[in-house]
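Take a look at the structure below.
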Amino acid sequence: MKNNRNLKLIKTIDGSHSIINNINDEIYHSRFGAVQESQHIFINNGIKICKKNDIKILEIGLGTGLNLILTFINSKKKNVEYHAIEPYPLPKEIIEKINYKKILNIDILDKIHLSSFNKKSVLRSNFNFYKYETKFQDFFSMTKFDIIYYDAFSPRTQPEMWMTSNFKKSFSLLKENGFLVTFCAKGEVKRKLKEVGFNLKHPPGPFGKREITLAYKY
């Protein structure tokens, strides 16, 4: 994912943009719809099931910023501190073409992508945002999180992100009763999550996917 010249903007079935890497054919979202997928996985099975009013979120893989935007839209009555890791930020020429402003009727995409790394950005009085240009393996934080959006690329493309060591780290970064949510429901991934102490649930997936994974730290 390092070479931005290999990235191409595409329109998914629900009309929202995603990005595909022409080298390995890896797409950032479902071809059935970027918005519908992110809404189902990270909102309906993420922030919406967290009953707290003050929520700390860690996103592993900021990508286009879609998960953040949808979280922003769906958290008006909550206080959110949102941290996102992105080792390979998108180039400005792609960011400028993404159609989330039109699709979602909200204009924060530029602020998300053009904000400084390692500094607080205030997206709303009750929504603070931090981003880090680093790999998860090199990420360090004293903050404990209520939710982890584990949105790395697939095990096929990015197998190092689905190693047991990363799930141990995720477990340690969560508060007690916090949870990790991810699109991936492969048997090997579920086994590794259980090994490090997570309790798993498997809600139905978005259109085109049978199930997703919720991993709780009890």
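Ordered as shown in the structure tokens, chains take letters A, B, and onward, while each chain numbers its residues from 1 and ligands are numbered from 1 in the order shown.
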
Which residues are near A:Ile106? Cut-off 12 Å, only C-alpha atoms, ignore same chain within fewer than 4 positions. Put them as a list in words.
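The contact residues come out as Leu66, Leu68, Ile69, Leu70, Phe72, Ile73, Asn99, Tyr100, Lys101, Lys102, Asp110, Lys111 and Leu123 of chain A.
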
Export C-alpha atoms of the chosen residues as a CSV table (one decimal), in the first residue's frame?
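Saved to again24.csv:
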chain,number,residue,atom,x,y,z
A,66,LEU,CA,-15.3,6.9,6.4
A,68,LEU,CA,-14.6,8.4,11.5
A,69,ILE,CA,-17.2,10.4,9.6
A,70,LEU,CA,-20.0,7.9,10.3
A,72,PHE,CA,-19.1,11.7,14.0
A,73,ILE,CA,-22.6,11.6,12.5
A,99,ASN,CA,-17.6,12.0,-2.6
A,100,TYR,CA,-18.5,11.6,1.1
A,101,LYS,CA,-19.4,15.3,1.5
A,102,LYS,CA,-22.1,14.8,-1.2
A,110,ASP,CA,-10.4,17.7,4.6
A,111,LYS,CA,-10.1,18.5,8.2
A,123,LEU,CA,-14.0,18.3,15.0

So that I can see what lies close to A:Gly197, please list as a list in words the residues with an atom at most 8 Å from it, counting only C-alpha atoms and leaving out residues fewer than 4 positions away in the same chain.
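Residues meeting the cut-off are Phe171, Leu193 and Lys217 of chain A.
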
Can I get the residues of stretch 18-50 of chain A within 12 Å of stretch 198-203 of chain A, each with the closest pair of atoms and their distance in Å to one decimal, using only C-alpha atoms, sorted chain first then ascending number, as JSON lines?
{"residue": "A:His40", "atom": "CA", "partner": "A:Pro203", "partner_atom": "CA", "distance": 10.1}
{"residue": "A:Ile41", "atom": "CA", "partner": "A:Pro203", "partner_atom": "CA", "distance": 9.1}
{"residue": "A:Phe42", "atom": "CA", "partner": "A:Pro203", "partner_atom": "CA", "distance": 11.8}
{"residue": "A:Asn44", "atom": "CA", "partner": "A:Pro203", "partner_atom": "CA", "distance": 10.3}
{"residue": "A:Asn45", "atom": "CA", "partner": "A:Pro203", "partner_atom": "CA", "distance": 8.0}
{"residue": "A:Gly46", "atom": "CA", "partner": "A:Pro203", "partner_atom": "CA", "distance": 11.3}

Sel. of strand (DSSP E) residues, chain A, as an MDAnalysis selection string:
chainID A and resid 7:11 17:21 26:27 54:60 79:85 121:124 127:132 145:150 174:182 199:201 213:216

Can you check which residues of stretch 80-216 of chain A DSSP gives as helix (DSSP H, G or I) on the backbone and send them as a ChimeraX atom specification?
/A:92-95,100-104,109-114,136-138,159-162,164-173,187-195

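Taking only C-alpha atoms into account, A:Ala215 lies nearest to A:Arg191 out of the set A:His113, A:Lys135, A:Arg191, A:Lys77.
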
Counting only C-alpha atoms, what are the residues of stretch 23-138 of chain A within 12 Å of stretch 204-211 of chain A, and for each of them which pair of atoms is the nearest and at what distance in Å, to one decimal? Sort the table by chain and rising number, as a Markdown table.
| residue | atom | partner | partner_atom | distance |
| --- | --- | --- | --- | --- |
| A:His29 | CA | A:Pro206 | CA | 11.3 |
| A:Ser30 | CA | A:Gly208 | CA | 8.2 |
| A:Arg31 | CA | A:Gly208 | CA | 9.0 |
| A:Phe32 | CA | A:Phe207 | CA | 7.0 |
| A:Gly33 | CA | A:Phe207 | CA | 8.6 |
| A:Ala34 | CA | A:Pro206 | CA | 10.4 |
| A:Val35 | CA | A:Pro206 | CA | 10.5 |
| A:Gln36 | CA | A:Pro206 | CA | 7.2 |
| A:Glu37 | CA | A:Pro206 | CA | 5.6 |
| A:Ser38 | CA | A:Pro206 | CA | 8.6 |
| A:Gln39 | CA | A:Pro206 | CA | 8.8 |
| A:His40 | CA | A:Pro206 | CA | 5.9 |
| A:Ile41 | CA | A:Pro206 | CA | 7.1 |
| A:Phe42 | CA | A:Pro206 | CA | 10.7 |
| A:Ile43 | CA | A:Pro206 | CA | 11.7 |
| A:Asn44 | CA | A:Pro206 | CA | 10.3 |
| A:Asn45 | CA | A:Gly205 | CA | 9.7 |

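Each of A:Thr213, A:Thr64, A:Thr164, A:Asn79 was checked against A:Tyr150 using only C-alpha atoms; the smallest atom-to-atom distance is that of A:Thr213.
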
Using only C-alpha atoms, which residue out of A:Met163, A:Leu58, A:Leu180, A:Leu9 lies closest to A:Ile94?
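Of A:Met163, A:Leu58, A:Leu180, A:Leu9, the one nearest A:Ile94, counting only C-alpha atoms, is A:Leu9.
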
Which residues are close to A:Lys92, i.e. within 10 Å by only C-alpha atoms, leaving aside same-chain residues fewer than 3 positions away? Reply as a list in words.
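Near neighbours after the sequence-gap exclusion: Pro89, Ile95, Glu96, Lys97, Asp110, His113 and Leu114 of chain A.
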
Writing out the chosen residues with C-alpha atoms as a PDB file, in the first residue's frame:
ATOM      1  CA  PRO A  89      -1.895   8.450   4.406  1.00  0.00           C
ATOM      2  CA  ILE A  95      -8.816  12.950  -0.951  1.00  0.00           C
ATOM      3  CA  GLU A  96     -10.109  15.868  -3.032  1.00  0.00           C
ATOM      4  CA  LYS A  97     -12.201  13.514  -5.196  1.00  0.00           C
ATOM      5  CA  ASP A 110     -10.428  17.725   4.553  1.00  0.00           C
ATOM      6  CA  HIS A 113      -6.907  14.269   6.360  1.00  0.00           C
ATOM      7  CA  LEU A 114      -5.154  17.633   6.481  1.00  0.00           C
TER       8      LEU A 114
END
